[in-house]
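For reference, final-v1.txt (compact mmCIF, C-alpha atoms):
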```txt
# COMPACT_ATOMS: atom_id res chain seq x y z
CA MET A 1 -7.75 -4.51 -9.66
CA VAL A 2 -11.04 -4.39 -7.76
CA SER A 3 -9.79 -1.43 -5.72
CA LEU A 4 -8.67 0.40 -8.85
CA LEU A 5 -12.06 -0.16 -10.44
CA LEU A 6 -14.01 1.04 -7.40
CA ASP A 7 -11.76 3.93 -6.38
CA VAL A 8 -10.62 5.12 -9.81
CA GLY A 9 -12.72 3.77 -12.66
CA VAL A 10 -16.15 4.35 -11.10
CA PRO A 11 -15.45 7.96 -9.99
CA VAL A 12 -14.06 8.95 -13.41
CA GLY A 13 -17.02 7.39 -15.23
CA SER A 14 -19.43 8.95 -12.73
CA TYR A 15 -17.96 12.42 -13.29
CA TYR A 16 -18.54 12.39 -17.05
CA LEU A 17 -21.97 10.79 -16.63
CA LEU A 18 -23.14 13.32 -14.03
CA LYS A 19 -21.72 16.29 -15.94
CA GLY A 20 -22.70 15.22 -19.45
CA ALA A 21 -25.97 13.34 -18.99
CA PHE A 22 -27.36 15.10 -15.92
CA GLY A 23 -25.97 18.57 -16.56
CA MET A 24 -24.27 18.97 -13.19
CA SER A 25 -21.55 21.56 -12.69
CA ALA A 26 -17.95 20.41 -12.57
CA VAL A 27 -17.86 21.00 -8.80
CA ALA A 28 -21.03 19.00 -8.13
CA ALA A 29 -19.98 16.18 -10.46
CA LEU A 30 -16.55 15.97 -8.80
CA GLY A 31 -18.13 15.96 -5.35
CA TRP A 32 -20.67 13.24 -6.05
CA SER A 33 -18.18 11.09 -7.97
CA SER A 34 -15.84 11.22 -4.95
CA ALA A 35 -18.53 10.02 -2.54
CA GLY A 36 -18.01 6.32 -3.33
CA PRO A 37 -14.28 6.14 -2.52
CA VAL A 38 -14.78 8.25 0.62
CA LEU A 39 -17.53 5.94 1.90
CA ARG A 40 -15.54 2.83 1.00
CA THR A 41 -12.43 4.10 2.79
CA GLY A 42 -14.54 5.12 5.80
CA TRP A 43 -16.10 1.68 5.99
CA GLY A 44 -12.66 0.08 5.78
CA VAL A 45 -11.43 2.23 8.68
CA LEU A 46 -14.47 1.39 10.82
CA ARG A 47 -14.38 -2.36 10.29
CA GLN A 48 -10.68 -2.74 11.13
CA ARG A 49 -9.98 -4.07 14.60
CA GLU A 50 -6.99 -1.77 14.97
CA VAL A 51 -6.25 1.73 13.71
CA ASN A 52 -4.28 1.77 10.46
CA VAL A 53 -2.80 5.22 9.97
CA LEU A 54 -2.64 5.12 6.18
CA PRO A 55 -6.35 4.64 5.30
CA LEU A 56 -7.34 6.97 8.14
CA LEU A 57 -5.07 9.66 6.71
CA ILE A 58 -6.54 9.17 3.22
CA LEU A 59 -10.09 9.40 4.58
CA LEU A 60 -9.46 12.61 6.53
CA ALA A 61 -7.65 14.25 3.61
CA ASN A 62 -10.50 13.34 1.23
CA LEU A 63 -13.13 14.73 3.58
CA ALA A 64 -11.18 17.95 4.11
CA GLY A 65 -10.69 18.36 0.37
CA LEU A 66 -14.39 17.86 -0.35
CA LEU A 67 -15.40 20.42 2.28
CA ILE A 68 -12.94 22.98 0.95
CA GLY A 69 -13.99 22.37 -2.65
CA PHE A 70 -17.70 22.73 -1.97
CA GLY A 71 -17.03 25.78 0.21
CA THR A 72 -15.07 27.61 -2.48
CA GLY A 73 -16.90 26.28 -5.54
CA ASP A 74 -13.54 25.80 -7.26
CA ALA A 75 -13.36 22.67 -9.42
CA ARG A 76 -9.59 22.96 -9.82
CA LEU A 77 -9.19 23.05 -6.07
CA MET A 78 -11.23 19.85 -5.81
CA LEU A 79 -8.93 18.19 -8.33
CA ALA A 80 -5.91 19.50 -6.42
CA LYS A 81 -7.40 17.76 -3.37
CA ASP A 82 -6.48 14.40 -4.92
CA SER A 83 -2.91 15.58 -5.28
CA ALA A 84 -2.92 16.79 -1.69
CA VAL A 85 -4.02 13.33 -0.54
CA THR A 86 -1.19 11.57 -2.37
CA SER A 87 1.37 14.12 -1.17
CA LEU A 88 0.26 13.69 2.45
CA VAL A 89 0.53 9.93 2.08
CA GLY A 90 3.93 10.29 0.40
CA PHE A 91 5.36 12.54 3.11
CA ALA A 92 3.89 10.29 5.81
CA LEU A 93 5.62 7.28 4.21
CA LEU A 94 8.93 9.12 3.98
CA GLY A 95 8.57 10.22 7.60
CA SER A 96 7.91 6.65 8.69
CA VAL A 97 11.07 5.55 6.86
CA ALA A 98 13.09 8.26 8.61
CA LEU A 99 11.75 7.01 11.95
CA GLY A 100 12.56 3.40 11.07
CA ARG A 101 8.91 2.30 11.18
CA PRO A 102 7.90 1.95 7.50
CA MET A 103 4.14 2.31 7.08
CA MET A 104 3.92 0.10 3.98
CA THR A 105 4.94 -2.93 6.05
CA ALA A 106 1.31 -3.42 7.09
CA THR A 107 0.41 -3.89 3.42
CA LEU A 108 3.57 -5.74 2.40
CA LYS A 109 3.82 -8.37 5.13
CA PRO A 110 0.61 -10.33 4.31
CA TRP A 111 1.76 -10.62 0.67
CA LEU A 112 5.12 -12.06 1.64
CA VAL A 113 4.12 -14.22 4.62
CA LYS A 114 0.96 -15.62 2.96
CA GLY A 115 -0.42 -16.88 6.27
CA ASP A 116 2.33 -19.50 6.56
CA ALA A 117 3.67 -20.05 10.09
CA GLY A 118 7.17 -20.81 8.85
CA ARG A 119 7.33 -17.66 6.76
CA GLU A 120 5.89 -15.67 9.67
CA ALA A 121 8.64 -16.94 11.95
CA ALA A 122 11.27 -16.23 9.30
CA TRP A 123 9.95 -12.68 8.89
CA GLY A 124 10.20 -12.03 12.64
CA ARG A 125 13.71 -13.44 12.93
CA LEU A 126 15.00 -11.60 9.85
CA ARG A 127 13.53 -8.34 11.09
CA ARG A 128 15.35 -8.77 14.40
CA GLU A 129 18.66 -10.09 13.10
CA SER A 130 19.16 -9.00 9.48
CA PRO A 131 20.16 -5.39 8.66
CA ALA A 132 19.79 -6.20 4.94
CA PHE A 133 16.19 -7.28 5.48
CA ARG A 134 15.38 -4.10 7.40
CA ARG A 135 17.01 -1.96 4.70
CA ALA A 136 14.91 -3.66 2.02
CA GLU A 137 11.79 -3.07 4.11
CA LEU A 138 12.66 0.63 4.41
CA ARG A 139 13.40 0.91 0.69
CA PHE A 140 9.97 -0.49 -0.17
CA SER A 141 8.16 2.29 1.73
CA ALA A 142 10.67 4.93 0.54
CA VAL A 143 9.98 4.14 -3.12
CA TRP A 144 6.23 4.56 -2.60
CA GLY A 145 6.78 7.78 -0.66
CA VAL A 146 8.89 9.32 -3.42
CA ALA A 147 6.41 8.11 -6.06
CA PHE A 148 3.42 9.71 -4.32
CA VAL A 149 5.20 13.02 -3.76
CA GLY A 150 6.37 13.11 -7.38
CA GLU A 151 2.88 12.27 -8.66
CA CYS A 152 1.48 15.14 -6.61
CA GLY A 153 3.84 17.61 -8.27
CA VAL A 154 2.93 16.45 -11.78
CA ARG A 155 -0.81 16.54 -11.12
CA ILE A 156 -0.74 19.98 -9.47
CA VAL A 157 0.93 21.41 -12.58
CA GLY A 158 -1.68 19.73 -14.77
CA VAL A 159 -4.63 20.92 -12.67
CA TYR A 160 -3.75 24.58 -13.18
CA ALA A 161 -2.38 24.27 -16.73
CA LEU A 162 -5.04 22.10 -18.41
CA PRO A 163 -8.87 22.12 -18.64
CA VAL A 164 -10.74 20.45 -15.76
CA ASP A 165 -12.38 17.85 -18.03
CA THR A 166 -8.95 16.84 -19.35
CA MET A 167 -7.38 16.51 -15.92
CA VAL A 168 -10.18 14.26 -14.63
CA TRP A 169 -8.99 11.43 -16.90
CA LEU A 170 -5.35 12.52 -17.30
CA GLY A 171 -4.87 12.70 -13.53
CA THR A 172 -6.04 9.11 -13.33
CA VAL A 173 -3.57 8.08 -16.03
CA VAL A 174 -0.74 9.80 -14.14
CA MET A 175 -1.74 7.99 -10.95
CA ILE A 176 -1.91 4.56 -12.61
CA VAL A 177 1.44 5.02 -14.35
CA THR A 178 2.99 6.15 -11.07
CA MET A 179 1.63 3.07 -9.28
CA LEU A 180 2.92 0.72 -11.98
CA VAL A 181 6.39 2.27 -11.83
CA ALA A 182 6.34 2.14 -8.01
CA PHE A 183 5.28 -1.53 -8.09
CA VAL A 184 8.21 -2.44 -10.35
CA VAL A 185 10.85 -0.37 -8.53
CA SER A 186 9.70 -1.25 -5.00
CA GLY A 187 9.59 -4.90 -6.02
CA ALA A 188 13.12 -4.78 -7.35
CA LEU A 189 14.58 -2.84 -4.42
CA GLY A 190 12.42 -4.04 -1.55
CA ALA A 191 9.90 -6.85 -1.88
CA GLY A 192 11.99 -9.03 -4.21
CA PRO A 193 15.06 -9.24 -1.96
CA MET A 194 12.80 -9.77 1.06
CA VAL A 195 11.07 -12.70 -0.66
CA HIS A 196 14.43 -14.37 -1.34
CA MET A 197 15.63 -13.82 2.21
CA ILE A 198 12.42 -15.23 3.69
CA GLY A 199 12.59 -18.25 1.37
CA ALA A 200 16.22 -18.90 2.31
CA ALA A 201 15.42 -18.57 6.01
CA VAL A 202 12.51 -21.01 5.75
CA THR A 203 14.66 -23.52 3.86
CA THR A 204 17.39 -23.21 6.50
CA ASP A 205 14.85 -23.79 9.26
CA ASP A 206 13.46 -26.84 7.47
CA SER A 207 16.97 -28.25 6.99
CA ALA A 208 17.80 -27.64 10.63
CA ASP A 209 14.58 -29.31 11.75
CA ALA A 210 15.24 -32.27 9.46
CA PHE A 211 18.79 -32.60 10.79
CA ASP A 212 17.55 -32.45 14.37
CA ALA A 213 14.95 -35.12 13.54
CA VAL A 214 17.66 -37.39 12.10
CA LEU A 215 19.83 -36.93 15.19
CA GLU A 216 16.86 -37.70 17.43
CA ALA A 217 16.04 -40.82 15.43
CA GLU A 218 19.64 -42.00 15.59
CA LYS A 219 19.72 -41.36 19.33
CA ASN A 220 16.51 -43.32 19.85
CA SER A 221 17.83 -46.15 17.64
CA SER A 222 21.01 -46.33 19.70
CA LEU A 223 19.03 -46.44 22.94
CA VAL A 224 16.87 -49.27 21.58
CA GLY A 225 19.95 -51.20 20.47
CA SER A 226 21.56 -50.76 23.86
CA THR A 227 18.42 -51.95 25.61
CA HIS A 228 18.24 -55.09 23.47
CA GLY A 229 21.93 -55.70 24.00
```

Could you spell out this file's structure in structure tokens?
Amino acid sequence: MVSLLLDVGVPVGSYYLLKGAFGMSAVAALGWSSAGPVLRTGWGVLRQREVNVLPLLILLANLAGLLIGFGTGDARLMLAKDSAVTSLVGFALLGSVALGRPMMTATLKPWLVKGDAGREAAWGRLRRESPAFRRAELRFSAVWGVAFVGECGVRIVGVYALPVDTMVWLGTVVMIVTMLVAFVVSGALGAGPMVHMIGAAVTTDDSADAFDAVLEAEKNSSLVGSTHG
């Protein structure tokens, strides 16, 4: 919710404020309202200890779009830039699925593991040994890839068919609806099954550890009894 507010709500509000209250052109208002998300994404890329392809791709696409928009003075092209970003991310996600290295795993894993050592171990073992787990992991990224590519198509049509002022807020609505649908579908097809599999694996490990502990206790008890005898 914080990310949505900073990256979506603030830029949309800034656009109408800069254009209506300060009399900026649509191009200038779009450019300045995009500055916040670009800087925030750039800071996120810089402070990470390792390179994460997804935010880096978003940052580069945003910067390229801003440069092209300012260079041409075309407000519609600047709006199309947002669609280009989501399509690039979508195709990158689909490509990662085709290669068997789903990019959304970096975002998904912390949510499912929750910093728990047992869940971390279960994740690693399931990823090595369970084809069903790997398929669910791939489906999660595939759903988001399809969603982003589809959203791009809808927004591109809107950019060139509707007024710029309308598409500033309508494009945001399309994006939010797409994300909500992707959350539900990816949860049902990917994250949900993975949660159940991790939970079952952790329970199995706990049962095995408890059984081993009982056997060890019985063994020690027998040794003590033999010693006393």

Rounded to one decimal place, report the CA of Pro163 (chain A)-CA of Leu67 (chain A) distance in Å.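 Rounded to one decimal, the two atoms are 22.0 Å apart.
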
Quick one: residues within 12 Å of Val157 (chain A), only C-alpha atoms counted, chain neighbours fewer than 5 positions away excluded, as a PyMOL selection string? chain A and resi 76+79-80+83+150-152+162-163+167+170-171+174

Do you know which residues are at most 10 Å from region 189-201 of chain A counting all atoms listed in the file, after dropping those on the same chain fewer than 4 positions away, and could you put them as a VMD selection string? chain A and resid 108 to 109 111 to 113 118 to 126 130 132 to 143 183 to 185 205 to 207

Separation of CA of Lys19 (chain A) and CA of Thr166 (chain A), in Å? 13.2 Å

Separation of CA of Gly153 (chain A) and CA of Ser25 (chain A), in Å? 26.1 Å

Neighbouring residues of Met175 (chain A) were defined as those with any atom within 12 Å, considering only C-alpha atoms; residues of the same chain fewer than 5 positions away were excluded. Please report them as a list in words.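 What passes the distance filter is Leu4, Asp7, Val8, Gly9, Asp82, Ser83, Val85, Thr86, Ser87, Ala147, Phe148, Val149, Gly150, Glu151, Cys152, Gly153, Val154, Arg155, Met167, Val168, Trp169, Leu170, Leu180, Val181 and Ala182 of chain A.
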
Suppose we keep C-alpha atoms; can you now write the selection as a short mmCIF file (atom, residue, chain, number, x, y, z; two decimals), in the frame of the given file?
```cif
data_model
loop_
_atom_site.label_atom_id
_atom_site.label_comp_id
_atom_site.auth_asym_id
_atom_site.auth_seq_id
_atom_site.Cartn_x
_atom_site.Cartn_y
_atom_site.Cartn_z
CA LEU A 4 -8.67 0.40 -8.85
CA ASP A 7 -11.76 3.93 -6.38
CA VAL A 8 -10.62 5.12 -9.81
CA GLY A 9 -12.72 3.77 -12.66
CA ASP A 82 -6.48 14.40 -4.92
CA SER A 83 -2.91 15.58 -5.28
CA VAL A 85 -4.02 13.33 -0.54
CA THR A 86 -1.19 11.57 -2.37
CA SER A 87 1.37 14.12 -1.17
CA ALA A 147 6.41 8.11 -6.06
CA PHE A 148 3.42 9.71 -4.32
CA VAL A 149 5.20 13.02 -3.76
CA GLY A 150 6.37 13.11 -7.38
CA GLU A 151 2.88 12.27 -8.66
CA CYS A 152 1.48 15.14 -6.61
CA GLY A 153 3.84 17.61 -8.27
CA VAL A 154 2.93 16.45 -11.78
CA ARG A 155 -0.81 16.54 -11.12
CA MET A 167 -7.38 16.51 -15.92
CA VAL A 168 -10.18 14.26 -14.63
CA TRP A 169 -8.99 11.43 -16.90
CA LEU A 170 -5.35 12.52 -17.30
CA LEU A 180 2.92 0.72 -11.98
CA VAL A 181 6.39 2.27 -11.83
CA ALA A 182 6.34 2.14 -8.01
#
```

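Proximity to Leu88 (chain A) was assessed for A:Gly145, A:Gly73, A:Gly100, A:Pro131 counting only C-alpha atoms; the smallest distance is recorded for A:Gly145.
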
So, counting only C-alpha atoms, which residue among A:Ala35, A:Ala29, A:Leu77, A:Leu46 is closest to Val159 (chain A)? A:Leu77

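Between Gly13 (chain A) and the candidates A:Val164, A:Trp32, A:Val27, A:Asp74, the tightest atom-to-atom separation, counting only C-alpha atoms, involves A:Trp32.
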
Save N, CA, C and O atoms of region 157-176 of chain A from the block above as a short mmCIF file (atom, residue, chain, number, x, y, z; two decimals), in the first residue's frame.
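As written to disk, part00.cif reads:
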```cif
data_model
loop_
_atom_site.label_atom_id
_atom_site.label_comp_id
_atom_site.auth_asym_id
_atom_site.auth_seq_id
_atom_site.Cartn_x
_atom_site.Cartn_y
_atom_site.Cartn_z
N VAL A 157 -3.94 1.37 -26.22
CA VAL A 157 -5.17 1.73 -26.94
C VAL A 157 -5.78 2.99 -26.33
O VAL A 157 -6.19 3.91 -27.04
N GLY A 158 -5.84 3.03 -25.00
CA GLY A 158 -6.42 4.18 -24.32
C GLY A 158 -5.63 5.47 -24.53
O GLY A 158 -6.21 6.54 -24.69
N VAL A 159 -4.30 5.36 -24.54
CA VAL A 159 -3.45 6.54 -24.71
C VAL A 159 -3.75 7.27 -26.01
O VAL A 159 -3.79 8.51 -26.06
N TYR A 160 -3.96 6.51 -27.07
CA TYR A 160 -4.17 7.13 -28.39
C TYR A 160 -5.63 7.26 -28.78
O TYR A 160 -5.94 7.78 -29.86
N ALA A 161 -6.54 6.81 -27.90
CA ALA A 161 -7.96 6.92 -28.20
C ALA A 161 -8.67 7.91 -27.29
O ALA A 161 -9.76 8.41 -27.64
N LEU A 162 -8.08 8.23 -26.15
CA LEU A 162 -8.73 9.10 -25.16
C LEU A 162 -7.88 10.33 -24.88
O LEU A 162 -6.67 10.33 -25.15
N PRO A 163 -8.47 11.40 -24.30
CA PRO A 163 -7.69 12.59 -23.94
C PRO A 163 -6.61 12.26 -22.91
O PRO A 163 -6.77 11.35 -22.09
N VAL A 164 -5.52 13.03 -22.95
CA VAL A 164 -4.39 12.80 -22.04
C VAL A 164 -4.83 12.89 -20.58
O VAL A 164 -4.48 12.04 -19.76
N ASP A 165 -5.61 13.94 -20.24
CA ASP A 165 -6.05 14.11 -18.85
C ASP A 165 -6.87 12.93 -18.36
O ASP A 165 -6.83 12.58 -17.18
N THR A 166 -7.62 12.31 -19.24
CA THR A 166 -8.43 11.14 -18.86
C THR A 166 -7.53 9.93 -18.61
O THR A 166 -7.71 9.20 -17.63
N MET A 167 -6.54 9.75 -19.49
CA MET A 167 -5.70 8.56 -19.37
C MET A 167 -4.76 8.62 -18.18
O MET A 167 -4.28 7.59 -17.72
N VAL A 168 -4.47 9.82 -17.66
CA VAL A 168 -3.60 9.90 -16.48
C VAL A 168 -4.23 9.14 -15.32
O VAL A 168 -3.56 8.36 -14.65
N TRP A 169 -5.54 9.35 -15.08
CA TRP A 169 -6.18 8.62 -13.98
C TRP A 169 -6.69 7.25 -14.41
O TRP A 169 -6.61 6.29 -13.66
N LEU A 170 -7.18 7.14 -15.67
CA LEU A 170 -7.72 5.87 -16.12
C LEU A 170 -6.62 4.82 -16.26
O LEU A 170 -6.83 3.64 -15.97
N GLY A 171 -5.43 5.25 -16.71
CA GLY A 171 -4.32 4.32 -16.80
C GLY A 171 -3.96 3.74 -15.44
O GLY A 171 -3.61 2.56 -15.32
N THR A 172 -4.07 4.59 -14.41
CA THR A 172 -3.81 4.12 -13.05
C THR A 172 -4.85 3.10 -12.61
O THR A 172 -4.52 2.10 -11.97
N VAL A 173 -6.11 3.36 -12.95
CA VAL A 173 -7.18 2.42 -12.61
C VAL A 173 -6.93 1.07 -13.29
O VAL A 173 -7.07 0.00 -12.66
N VAL A 174 -6.57 1.11 -14.57
CA VAL A 174 -6.29 -0.13 -15.31
C VAL A 174 -5.16 -0.90 -14.63
O VAL A 174 -5.23 -2.13 -14.47
N MET A 175 -4.10 -0.18 -14.21
CA MET A 175 -2.97 -0.83 -13.57
C MET A 175 -3.36 -1.48 -12.25
O MET A 175 -2.99 -2.62 -11.97
N ILE A 176 -4.15 -0.76 -11.44
CA ILE A 176 -4.54 -1.29 -10.13
C ILE A 176 -5.44 -2.51 -10.29
O ILE A 176 -5.27 -3.52 -9.60
#
```
